[in-house]
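Here's protein19.cif, which has mmCIF, C-alpha atoms:
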```cif
data_run
loop_
_atom_site.label_atom_id
_atom_site.label_comp_id
_atom_site.auth_asym_id
_atom_site.auth_seq_id
_atom_site.Cartn_x
_atom_site.Cartn_y
_atom_site.Cartn_z
CA MET N 1 101.72 151.54 37.17
CA THR N 2 99.79 150.76 34.04
CA THR N 3 96.65 148.70 33.93
CA SER N 4 98.46 145.89 32.12
CA GLU N 5 100.97 145.59 34.99
CA ARG N 6 98.38 145.11 37.66
CA PRO N 7 97.76 141.37 37.19
CA ASP N 8 101.45 140.56 37.60
CA THR N 9 101.73 142.76 40.65
CA ALA N 10 98.67 141.17 42.14
CA ALA N 11 100.03 137.70 41.42
CA ALA N 12 103.39 138.53 42.94
CA LEU N 13 101.76 139.97 46.04
CA ARG N 14 99.53 136.94 46.34
CA ASP N 15 102.49 134.57 45.98
CA ALA N 16 104.36 136.50 48.67
CA ILE N 17 101.42 136.28 51.05
CA VAL N 18 100.94 132.56 50.42
CA SER N 19 104.63 131.79 50.81
CA ALA N 20 104.83 133.78 54.07
CA ASP N 21 101.98 131.86 55.65
CA PRO N 22 103.18 128.52 57.05
CA ARG N 23 99.66 127.12 56.77
CA LEU N 24 99.57 127.76 53.01
CA SER N 25 103.16 127.82 51.86
CA LYS N 26 103.33 124.05 51.61
CA PHE N 27 100.58 124.22 48.95
CA SER N 28 100.47 125.66 45.43
CA PRO N 29 96.88 126.86 45.21
CA LEU N 30 95.10 128.07 42.12
CA ARG N 31 93.48 131.51 42.13
CA ARG N 32 90.61 130.89 44.55
CA ILE N 33 91.05 128.72 47.64
CA LEU N 34 87.76 126.97 48.08
CA VAL N 35 88.71 124.70 50.96
CA HIS N 36 91.62 124.53 53.40
CA ASP N 37 91.21 121.68 55.82
CA ASP N 38 93.56 121.27 58.73
CA PHE N 39 92.24 118.52 60.92
CA ASN N 40 93.27 120.08 64.19
CA THR N 41 89.91 121.80 64.17
CA GLY N 42 87.54 118.96 63.30
CA THR N 43 86.70 116.90 60.26
CA HIS N 44 85.96 119.93 58.05
CA GLY N 45 83.11 118.30 56.17
CA TRP N 46 84.96 115.10 55.27
CA THR N 47 82.39 112.45 56.09
CA GLU N 48 81.54 108.83 55.47
CA LEU N 49 80.11 107.94 52.09
CA ILE N 50 76.98 105.80 51.97
CA GLY N 51 74.87 104.51 49.11
CA ASN N 52 71.33 105.73 48.58
CA TYR N 53 68.34 104.41 50.56
CA ASN N 54 64.63 104.44 49.91
CA GLY N 55 62.02 107.03 50.83
CA VAL N 56 61.20 105.56 54.22
CA GLY N 57 64.75 105.47 55.54
CA ASP N 58 65.17 101.73 55.26
CA LEU N 59 68.93 101.23 55.27
CA SER N 60 68.55 97.64 54.11
CA THR N 61 67.90 99.20 50.70
CA VAL N 62 71.49 100.52 50.57
CA ASP N 63 73.66 98.52 48.19
CA ASP N 64 75.75 95.91 49.99
CA HIS N 65 79.00 97.28 48.61
CA MET N 66 78.15 100.87 49.71
CA ARG N 67 76.74 100.42 53.18
CA ASP N 68 79.88 100.13 55.31
CA PHE N 69 82.52 102.69 54.31
CA ARG N 70 83.33 103.50 57.96
CA PRO N 71 83.36 106.91 59.66
CA PRO N 72 86.57 108.97 59.39
CA GLN N 73 88.43 109.55 62.64
CA LEU N 74 90.55 112.35 64.06
CA SER N 75 93.85 110.66 64.84
CA ASN N 76 97.06 111.87 66.40
CA CYS N 77 98.85 108.95 64.77
CA THR N 78 99.63 106.95 67.88
CA PHE N 79 101.33 103.55 67.63
CA PHE N 80 102.08 100.71 70.00
CA ASP N 81 105.84 101.07 69.89
CA THR N 82 106.61 104.79 70.10
CA GLY N 83 103.35 106.41 71.15
CA THR N 84 102.14 109.59 69.52
CA HIS N 85 103.58 110.72 66.19
CA GLY N 86 101.25 113.68 65.77
CA ALA N 87 100.37 114.96 62.33
CA MET N 88 102.46 117.03 59.94
CA SER N 89 100.59 120.17 61.02
CA GLY N 90 99.75 120.05 64.70
CA SER N 91 98.41 117.00 66.50
CA TYR N 92 95.60 115.63 64.39
CA ALA N 93 95.11 114.05 61.01
CA LEU N 94 91.97 112.65 59.41
CA LYS N 95 92.21 108.86 59.43
CA LEU N 96 90.34 106.48 57.16
CA ALA N 97 90.40 102.92 58.47
CA THR N 98 89.13 99.78 56.76
CA ARG N 99 87.80 96.76 58.49
CA PRO N 100 90.16 93.76 58.66
CA TYR N 101 88.29 92.16 55.76
CA THR N 102 89.74 91.52 52.33
CA GLY N 103 88.42 94.05 49.85
CA HIS N 104 86.89 96.36 52.44
CA THR N 105 87.02 100.08 51.60
CA ALA N 106 86.90 103.13 53.87
CA THR N 107 86.03 106.53 52.45
CA ALA N 108 85.86 110.19 53.31
CA ILE N 109 83.89 112.44 50.99
CA ARG N 110 83.56 116.23 50.81
CA ARG N 111 80.44 117.63 49.23
CA LEU N 112 80.46 120.96 47.39
CA THR N 113 78.96 122.44 44.27
CA MET N 114 80.58 124.26 41.36
CA SER N 115 80.09 127.98 40.96
CA GLY N 116 81.94 127.98 37.67
CA ARG N 117 83.90 125.83 35.26
CA GLY N 118 87.60 125.52 34.65
CA LEU N 119 90.68 124.23 36.42
CA LEU N 120 90.09 122.57 39.78
CA GLN N 121 92.90 121.35 42.02
CA ILE N 122 93.10 119.29 45.17
CA GLU N 123 96.27 119.15 47.22
CA ALA N 124 96.92 117.05 50.29
CA TYR N 125 99.61 115.82 52.61
CA LEU N 126 98.92 112.18 53.32
CA THR N 127 100.40 108.89 54.38
CA PHE N 128 99.29 105.28 54.25
CA LYS N 129 99.88 102.41 56.68
CA SER N 130 98.74 98.90 57.42
CA GLU N 131 97.75 98.10 60.98
CA ALA N 132 100.63 96.68 63.00
CA THR N 133 100.54 92.95 63.61
CA LEU N 134 101.48 91.71 67.08
CA GLY N 135 102.14 88.24 68.36
CA GLY N 136 102.02 86.50 65.02
CA GLU N 137 103.54 83.11 64.49
CA GLY N 138 105.22 81.36 61.60
CA GLN N 139 106.99 82.88 58.63
CA ASP N 140 107.77 86.59 58.81
CA GLN N 141 106.47 87.13 55.32
CA PHE N 142 103.45 88.46 53.42
CA GLY N 143 102.77 88.58 49.69
CA ASP N 144 106.11 88.93 47.97
CA VAL N 145 107.82 90.57 50.95
CA THR N 146 109.91 88.73 53.52
CA TRP N 147 111.27 90.76 56.39
CA ASP N 148 114.92 91.51 55.74
CA GLY N 149 115.50 94.24 58.29
CA ASN N 150 114.52 96.86 55.74
CA LEU N 151 111.49 95.87 53.67
CA HIS N 152 108.63 94.85 56.00
CA PRO N 153 105.72 92.45 55.30
CA SER N 154 103.33 95.17 56.48
CA GLU N 155 103.97 97.07 53.24
CA ALA N 156 102.54 94.15 51.23
CA GLN N 157 99.45 94.21 53.44
CA PHE N 158 98.46 97.66 52.17
CA GLY N 159 96.18 97.51 49.13
CA CYS N 160 95.55 100.90 47.53
CA PHE N 161 94.43 104.46 48.13
CA THR N 162 92.37 106.61 45.79
CA VAL N 163 91.54 110.25 45.21
CA ALA N 164 88.52 110.89 43.05
CA THR N 165 85.69 113.22 42.15
CA ASP N 166 82.00 112.88 41.50
CA LEU N 167 80.96 115.69 39.16
CA CYS N 168 77.73 116.56 37.44
CA GLY N 169 76.45 119.51 35.46
CA ASP N 170 75.63 120.85 32.04
CA GLY N 171 72.21 119.22 32.05
CA GLY N 172 72.80 116.20 34.25
CA LEU N 173 76.00 114.93 32.65
CA ARG N 174 77.77 113.01 35.40
CA TYR N 175 81.35 111.74 35.46
CA HIS N 176 84.19 110.78 37.78
CA THR N 177 87.86 111.54 37.57
CA VAL N 178 89.95 109.06 39.51
CA ALA N 179 93.59 108.45 40.45
CA ARG N 180 94.54 105.37 42.47
CA TYR N 181 97.86 104.30 43.90
CA LEU N 182 97.85 100.54 43.62
CA ASN N 183 100.38 99.52 46.24
CA THR N 184 99.76 95.82 45.83
CA THR N 185 97.99 93.57 43.40
CA LEU N 186 94.95 91.66 44.61
CA ASP N 187 97.27 88.73 45.39
CA ASN N 188 99.41 90.95 47.61
CA ASN N 189 102.47 91.52 45.49
CA LEU N 190 103.96 95.00 45.35
CA ALA N 191 102.77 96.91 42.27
CA ARG N 192 103.42 100.58 43.25
CA GLN N 193 101.55 101.73 40.17
CA TRP N 194 99.17 104.63 39.52
CA VAL N 195 96.01 103.43 37.81
CA TYR N 196 92.73 104.86 36.55
CA PRO N 197 89.36 103.24 35.75
CA THR N 198 88.07 103.04 32.19
CA VAL N 199 84.42 102.78 33.26
CA PRO N 200 82.11 105.01 35.32
CA GLU N 201 81.39 104.03 38.91
CA PRO N 202 78.36 101.72 39.35
CA THR N 203 75.49 103.67 40.92
CA PRO N 204 72.55 102.71 43.17
CA ARG N 205 70.20 103.59 40.32
CA GLU N 206 71.84 101.00 38.10
CA HIS N 207 71.27 98.43 40.85
CA LEU N 208 67.63 99.49 41.20
CA GLU N 209 67.23 99.14 37.46
CA GLY N 210 68.61 95.60 37.68
CA LYS N 211 71.77 96.36 35.75
CA ILE N 212 74.30 95.46 38.42
CA LYS N 213 74.44 93.87 41.89
CA LEU N 214 77.71 94.02 43.75
CA ALA N 215 78.69 92.09 46.85
CA TYR N 216 79.93 93.51 50.15
CA ALA N 217 83.56 94.65 49.83
CA ALA N 218 83.40 94.88 46.05
CA ASP N 219 85.52 97.70 44.64
CA PHE N 220 82.87 100.41 44.40
CA THR N 221 84.92 102.71 42.15
CA ALA N 222 85.26 100.07 39.41
CA PRO N 223 84.58 96.47 40.47
CA ASN N 224 86.29 94.67 37.62
CA PRO N 225 90.11 94.65 38.02
CA GLU N 226 90.36 94.52 34.23
CA ASP N 227 88.83 98.00 34.07
CA TRP N 228 91.83 99.58 35.82
CA LYS N 229 94.70 100.68 33.58
CA PRO N 230 98.14 101.99 34.52
CA PHE N 231 99.42 105.48 33.82
CA GLY N 232 103.04 106.51 34.20
CA GLU N 233 105.84 104.36 35.50
CA PRO N 234 105.70 102.60 38.90
CA GLN N 235 106.47 104.95 41.79
CA GLU N 236 108.00 103.80 45.05
CA LEU N 237 106.74 105.79 48.03
CA CYS N 238 108.10 106.21 51.55
CA TYR N 239 106.24 103.58 53.53
CA ASN N 240 109.31 103.67 55.74
CA GLU N 241 109.75 100.00 56.42
CA VAL N 242 107.47 99.34 59.39
CA PRO N 243 103.75 100.03 60.02
CA THR N 244 104.40 102.55 62.79
CA LYS N 245 106.50 105.24 61.10
CA VAL N 246 104.68 108.10 59.44
CA ASN N 247 106.18 110.11 56.58
CA TRP N 248 103.93 112.63 54.83
CA HIS N 249 103.60 112.71 51.05
CA TYR N 250 102.49 115.59 48.85
CA LEU N 251 99.63 115.13 46.38
CA ARG N 252 98.50 117.69 43.83
CA TRP N 253 95.88 116.74 41.30
CA VAL N 254 94.39 119.03 38.67
CA ILE N 255 91.28 118.47 36.59
CA ASP N 256 89.42 120.70 34.14
CA THR N 257 85.67 120.86 34.60
CA SER N 258 85.23 122.83 31.37
CA ALA N 259 86.66 119.98 29.34
CA ARG N 260 85.53 117.30 31.84
CA ARG N 261 89.09 115.89 31.78
CA ASN N 262 92.02 115.13 34.02
CA VAL N 263 94.99 117.44 33.66
CA GLU N 264 97.87 116.19 35.79
CA LEU N 265 98.80 114.45 39.00
CA GLN N 266 101.81 115.34 41.09
CA PHE N 267 102.85 112.96 43.84
CA ASN N 268 106.02 114.07 45.62
CA ASP N 269 108.64 114.62 42.93
CA ARG N 270 106.74 112.98 40.07
CA ILE N 271 104.30 114.72 37.73
CA TYR N 272 102.02 112.59 35.57
CA ASP N 273 100.31 113.99 32.49
CA MET N 274 96.75 112.66 32.74
CA SER N 275 95.26 114.79 29.99
CA ALA N 276 94.94 111.94 27.49
CA LEU N 277 93.22 109.54 29.90
CA PRO N 278 89.56 108.83 29.10
CA VAL N 279 86.91 110.10 31.53
CA PRO N 280 83.77 108.19 30.53
CA PRO N 281 80.54 109.91 31.62
CA TYR N 282 77.34 108.06 32.46
CA GLU N 283 75.20 107.44 29.43
CA GLU N 284 72.08 108.56 31.28
CA ARG N 285 71.47 112.04 32.61
CA TYR N 286 71.06 112.57 36.36
CA ASP N 287 68.58 114.75 38.22
CA SER N 288 69.20 116.51 41.52
CA LEU N 289 72.96 116.75 40.99
CA GLU N 290 73.37 120.03 39.09
CA ASN N 291 76.86 121.43 39.67
CA LEU N 292 77.77 118.49 41.92
CA LEU N 293 81.35 118.80 43.13
CA ASN N 294 82.41 115.92 45.38
CA PHE N 295 85.90 114.82 46.23
CA TYR N 296 86.63 111.59 48.01
CA PHE N 297 89.60 109.73 49.35
CA SER N 298 89.39 106.01 49.87
CA VAL N 299 91.56 103.18 51.10
CA ARG N 300 91.07 99.51 50.31
CA THR N 301 92.69 96.49 51.87
CA HIS N 302 93.65 93.52 49.74
CA SER N 303 94.96 91.56 52.70
CA GLY N 304 92.36 91.37 55.44
CA VAL N 305 94.61 93.58 57.60
CA ARG N 306 93.17 97.00 58.49
CA ASN N 307 94.52 99.64 56.10
CA PHE N 308 94.77 103.30 57.06
CA LEU N 309 94.98 106.50 55.04
CA PHE N 310 95.97 109.57 57.06
CA LEU N 311 95.33 113.07 55.71
CA ASP N 312 97.23 115.82 57.45
CA SER N 313 95.63 118.61 55.47
CA VAL N 314 93.76 119.24 52.25
CA LEU N 315 93.46 122.30 50.05
CA ILE N 316 91.04 122.64 47.14
CA SER N 317 91.40 125.60 44.78
CA THR N 318 89.94 126.72 41.49
CA GLU N 319 90.49 129.10 38.60
CA TRP N 320 86.86 130.12 38.49
CA MET A 1 82.86 126.49 70.57
CA ARG A 2 83.34 122.87 71.56
CA GLN A 3 84.03 120.18 68.97
CA ALA A 4 81.52 117.36 68.71
CA LEU A 5 81.38 114.35 66.44
CA THR A 6 79.02 111.42 65.85
CA ALA A 7 80.28 108.19 64.29
CA VAL A 8 77.94 105.40 63.22
CA LEU A 9 80.05 102.38 64.11
CA GLU A 10 77.45 99.76 63.19
CA ARG A 11 74.63 100.46 60.80
CA ASP A 12 71.71 98.06 61.22
CA THR A 13 74.08 95.15 61.76
CA THR A 14 72.63 91.84 62.94
CA PHE A 15 74.65 90.13 65.66
CA THR A 16 74.08 86.56 66.81
CA GLY A 17 76.81 86.08 69.42
CA ASP A 18 79.95 87.84 70.62
CA PHE A 19 80.95 91.03 68.82
CA ALA A 20 83.20 94.07 69.08
CA THR A 21 82.93 97.35 67.18
CA GLU A 22 85.81 98.61 65.08
CA PRO A 23 88.40 100.67 67.00
CA TYR A 24 87.61 104.39 67.02
CA GLU A 25 90.06 107.13 67.96
CA ALA A 26 88.78 109.80 70.33
CA ALA A 27 91.89 111.15 72.02
CA TRP A 28 90.72 114.69 71.31
CA ALA A 29 87.46 114.17 73.22
CA GLY A 30 86.87 114.79 76.89
CA GLU A 31 83.60 112.96 77.01
CA ALA A 32 81.69 110.45 74.93
CA ARG A 33 78.42 108.60 74.93
CA TRP A 34 77.18 105.40 73.32
CA PHE A 35 73.75 105.32 71.75
CA VAL A 36 72.52 101.88 70.79
CA ASN A 37 69.34 101.72 68.76
CA ALA A 38 67.98 98.17 68.89
CA LEU A 39 65.96 97.83 65.70
CA GLY A 40 65.09 94.20 66.24
CA VAL A 41 65.79 91.67 68.98
CA SER A 42 64.72 88.03 68.71
CA SER A 43 62.30 86.71 71.29
CA GLY A 44 64.01 86.02 74.59
CA ALA A 45 67.36 87.37 73.42
CA VAL A 46 69.43 89.73 75.56
CA VAL A 47 72.29 91.97 74.39
CA ARG A 48 74.96 92.84 76.96
CA MET A 49 77.48 95.56 76.12
CA VAL A 50 80.63 96.87 77.80
CA THR A 51 82.84 99.86 76.92
CA GLN A 52 86.46 99.01 76.15
CA ILE A 53 89.55 101.20 75.94
CA SER A 54 92.97 100.82 74.38
CA PRO A 55 96.29 102.69 74.31
CA ASP A 56 97.20 101.50 70.81
CA GLY A 57 94.09 100.24 69.03
CA LEU A 58 95.41 96.70 69.27
CA THR A 59 95.05 95.61 72.89
CA TRP A 60 91.88 96.19 74.89
CA CYS A 61 90.51 96.16 78.41
CA ASP A 62 87.14 97.02 79.92
CA LEU A 63 86.78 100.66 80.98
CA ASP A 64 84.65 99.83 84.02
CA GLY A 65 82.47 97.02 85.28
CA ALA A 66 79.30 98.49 83.83
CA GLU A 67 77.28 96.12 81.66
CA HIS A 68 74.45 97.58 79.60
CA GLU A 69 71.50 95.44 78.57
CA ILE A 70 68.98 95.45 75.75
CA ALA A 71 66.13 92.95 75.69
CA GLY A 72 63.88 94.55 73.09
CA PRO A 73 63.60 97.32 70.52
CA GLY A 74 64.44 100.85 71.59
CA LEU A 75 67.27 103.24 72.32
CA VAL A 76 69.70 102.94 75.21
CA ALA A 77 72.63 105.22 76.02
CA TRP A 78 75.39 105.57 78.54
CA PRO A 79 78.19 108.08 79.10
CA VAL A 80 81.90 107.39 78.82
CA SER A 81 84.67 109.39 80.44
CA HIS A 82 88.32 109.08 81.48
CA PHE A 83 89.19 107.03 78.44
CA GLY A 84 92.42 107.05 76.47
CA GLN A 85 93.24 107.02 72.80
CA TRP A 86 90.72 104.48 71.50
CA LEU A 87 87.18 103.39 72.26
CA ARG A 88 85.19 100.37 71.22
CA MET A 89 82.32 98.32 72.55
CA ARG A 90 82.28 94.59 73.11
CA GLY A 91 78.99 92.82 73.35
CA THR A 92 77.29 89.49 73.32
CA VAL A 93 73.83 88.32 72.31
CA THR A 94 72.41 85.39 74.28
CA GLY A 95 69.17 83.44 74.22
CA ASP A 96 67.65 80.37 72.59
CA ASP A 97 67.83 81.87 69.11
CA PRO A 98 69.96 84.95 69.71
CA SER A 99 69.76 87.76 67.17
CA ALA A 100 69.85 91.52 67.51
CA THR A 101 69.93 94.19 64.80
CA LEU A 102 71.71 97.25 66.15
CA ARG A 103 72.60 100.76 65.05
CA ILE A 104 75.51 101.86 67.23
CA TYR A 105 76.46 105.53 67.54
CA LEU A 106 79.51 106.87 69.31
CA THR A 107 79.19 110.56 70.09
CA ALA A 108 82.21 112.46 71.35
CA LYS A 109 82.70 116.02 72.56
CA SER A 110 85.81 118.03 73.37
#
```

Show how you would write the structure in this file as structure tokens.
Amino acid sequence: MTTSERPDTAAALRDAIVSADPRLSKFSPLRRILVHDDFNTGTHGWTELIGNYNGVGDLSTVDDHMRDFRPPQLSNCTFFDTGTHGAMSGSYALKLATRPYTGHTATAIRRLTMSGRGLLQIEAYLTFKSEATLGGEGQDQFGDVTWDGNLHPSEAQFGCFTVATDLCGDGGLRYHTVARYLNTTLDNNLARQWVYPTVPEPTPREHLEGKIKLAYAADFTAPNPEDWKPFGEPQELCYNEVPTKVNWHYLRWVIDTSARRNVELQFNDRIYDMSALPVPPYEERYDSLENLLNFYFSVRTHSGVRNFLFLDSVLISTEW
Amino acid sequence: MRQALTAVLERDTTFTGDFATEPYEAAWAGEARWFVNALGVSSGAVVRMVTQISPDGLTWCDLDGAEHEIAGPGLVAWPVSHFGQWLRMRGTVTGDDPSATLRIYLTAKS
């Protein structure tokens, strides 16, 4: 064996090991696996996001739109009609659940720091559902969906889910990369479109400086609907008709922290080139966030029906 | 090592009448405990709270007959066991000018 052959041999050996391990073979990790979260053994650091509060712990100083993102739950995906689904891997998934309040968002955030720069990838198996509705009266319809034995009004009651980062480094330069699946428009019609924001996320400091004040249930990632733009063609997912059937979807999203850019998003059998999408940083520099590496998932209801995002497992890997 | 988890189900929320916390799944847990931190209670007001359980997160019944009372600031707690898939708390605030600001923790342990 020559020296020049070693990398290929190492890569082949690594691929063989990954593909032979049922915990990892459903992922396509980059060189270093930073995080592998299987929610059969706890929440693995995925926790509720909250806005900042003052130096005496007064939670009334938390911004209204960032004070109620709800604690993630360990769920075995149990439903009223068939009982326990279980997760894709084992019994438990991490569940994000909104309140039954139009515009309400639930989040789970994972807080890390960067020990290098380069390609960064998050993969997940996830599914999304609206809460089942029982005992309703009147028309069996919601948004632009009328029950026809196949398409179910519940699908129009699901707003959107988002995967995003909060990154900072290189002297306090802070930015977010964001991908959102907009299942429905704000008036509850099916959109099934991937979107991204063209503005940075409003921060508590901007509120403190009097620049912005958002109401409870405002869209914290980018509050103005006009600031969300589509990328790629609409993509129909497998909601599977009713709110009580769970089918797991594959997500793989790559960003480049050297270039501070998106790279690509894969969702099931579609791959979206995101490299040309703008990633606007904050104009001001931030203290206390050097090498910040946060990922979050969120789910937002547009209907006033509880919306759920279930994560079976998550893997974060890097090239650094 | 046992698994343990704390969820803050209400964060300094002011209630003025009947209320129920959001459903929370705890099927994995063998035991749980409510902690209710009363940050402010209006004069003469009383908060009464009862643990509720559910098989599906949609329909609820009381776990037991135990009613837990708060009539002023401070922390109260009570244990919960032999529950099913979901837990929540229902409560009511009564009095001439009923108002109570509560921080409600659910702690669960495998």

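Picked out by the PyMOL selection byres ((chain A and resi 107) around 7) when it runs on this file: Leu5, Thr6, Ala7, Ala32, Arg33, Trp34, Tyr105, Leu106, Ala108 and Lys109 of chain A.
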
Expected file contents, prior selection, C-alpha atoms, as an mmCIF file, in the frame of the given file:
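Saved result, selection-v8.cif, follows:
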```cif
data_model
loop_
_atom_site.group_PDB
_atom_site.id
_atom_site.type_symbol
_atom_site.label_atom_id
_atom_site.label_comp_id
_atom_site.auth_asym_id
_atom_site.auth_seq_id
_atom_site.Cartn_x
_atom_site.Cartn_y
_atom_site.Cartn_z
ATOM 1 C CA LEU A 5 81.380 114.350 66.440
ATOM 2 C CA THR A 6 79.020 111.420 65.850
ATOM 3 C CA ALA A 7 80.280 108.190 64.290
ATOM 4 C CA ALA A 32 81.690 110.450 74.930
ATOM 5 C CA ARG A 33 78.420 108.600 74.930
ATOM 6 C CA TRP A 34 77.180 105.400 73.320
ATOM 7 C CA TYR A 105 76.460 105.530 67.540
ATOM 8 C CA LEU A 106 79.510 106.870 69.310
ATOM 9 C CA ALA A 108 82.210 112.460 71.350
ATOM 10 C CA LYS A 109 82.700 116.020 72.560
#
```

Next item on the list: Pick out the chain A residues within 10 Å of chain N. Count all atoms listed in the file. Give them as number ranges by chain.
Entry: A: 2-13, 21-29, 55-59, 85-86

Kindly compute an axis-aligned box around the listed atoms of range 71-77 of chain A, allowing 5 Å on each side, and express its centre and edge lengths in Å to one decimal as JSON.
```
{"center_x": 68.1, "center_y": 99.1, "center_z": 73.3, "size_x": 19.0, "size_y": 22.3, "size_z": 15.5}
```

Note to self: Can you pull out the residues contacting Asp64 in chain A? Cut-off 12 Å, using only C-alpha atoms, and skip same-chain residues under 3 positions away; I want them as a list of chain:residue names.
What the structure shows: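 Here the qualifying residues turn out to be A:Met49, A:Val50, A:Thr51, A:Gln52, A:Ile53, A:Cys61, A:Glu67, A:His68, A:Pro79, A:Val80, A:Ser81, A:His82, A:Phe83, A:Met89.
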
Would you mind exporting C-alpha atoms of the selected residues as a PDB file, in the frame of the given file?
```
ATOM      1  CA  MET A  49      77.480  95.560  76.120  1.00  0.00           C
ATOM      2  CA  VAL A  50      80.630  96.870  77.800  1.00  0.00           C
ATOM      3  CA  THR A  51      82.840  99.860  76.920  1.00  0.00           C
ATOM      4  CA  GLN A  52      86.460  99.010  76.150  1.00  0.00           C
ATOM      5  CA  ILE A  53      89.550 101.200  75.940  1.00  0.00           C
ATOM      6  CA  CYS A  61      90.510  96.160  78.410  1.00  0.00           C
ATOM      7  CA  GLU A  67      77.280  96.120  81.660  1.00  0.00           C
ATOM      8  CA  HIS A  68      74.450  97.580  79.600  1.00  0.00           C
ATOM      9  CA  PRO A  79      78.190 108.080  79.100  1.00  0.00           C
ATOM     10  CA  VAL A  80      81.900 107.390  78.820  1.00  0.00           C
ATOM     11  CA  SER A  81      84.670 109.390  80.440  1.00  0.00           C
ATOM     12  CA  HIS A  82      88.320 109.080  81.480  1.00  0.00           C
ATOM     13  CA  PHE A  83      89.190 107.030  78.440  1.00  0.00           C
ATOM     14  CA  MET A  89      82.320  98.320  72.550  1.00  0.00           C
TER      15      MET A  89
END
```

Note to self: With all atoms listed in the file as the counted atoms, please give the residues lying no more than 8 Å from range 189-201 of chain N, apart from itself and same-chain residues fewer than 3 positions off, as a PyMOL selection string.
What the structure shows: chain N and resi 143-145+156+175-176+178-186+220-222+227-237+278-282

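The space separating CA of Gly17 in chain A from CA of Glu69 in chain A comes to 14.1 Å.
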
Margin query: Using Å and a single decimal, report how far CA of His104 in chain N sits from CA of Thr146 in chain N.
Written below: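 About the pair CA of Thr146 in chain N and CA of His104 in chain N: they are 24.3 Å apart.
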
Note to self: For the provided coordinates, the residues matched by the PyMOL selection byres ((chain A and resi 74) around 8) should be stated as a PyMOL selection string.
What the structure shows: chain A and resi 37-39+72-73+75-76

Notebook entry, point to check: Care to translate the PyMOL selection byres ((chain N and resi 65) around 12) into actual residues of this file, as a VMD selection string?
Noted result: chain N and resid 49 to 52 60 to 64 66 to 69 103 to 106 202 to 204 207 212 to 223

Next item on the list: Please identify all polymer residues within 9 Å of Val93 in chain A, counting all atoms listed in the file, omitting same-chain residues fewer than 3 positions from it, and present them as JSON, numbers by chain.
Entry: {"A": [15, 16, 17, 18, 19, 45, 46, 47, 48, 49, 98, 99, 100]}

Note to self: Residues within 12 Å of Asn240 in chain N, please, as JSON, numbers by chain. Count only C-alpha atoms; anything in the same chain fewer than 6 positions from it doesn't count.
What the structure shows: {"N": [127, 128, 129, 130, 149, 150, 151, 152, 153, 154, 155, 246, 247, 248, 249]}

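Relative to CA of Arg88 in chain A, CA of Ser54 in chain A is found at 8.4 Å.
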
Notebook entry, point to check: Using only C-alpha atoms, which of A:Phe35, A:Arg90, A:Leu63, A:Val41 sits nearest Ala77 in chain A?
Noted result: A:Phe35

Next item on the list: Rank nothing, just name the residue among N:Tyr250, N:Gly57, N:Lys211, N:Thr177 nearest to Leu277 in chain N, using only C-alpha atoms.
Entry: N:Thr177
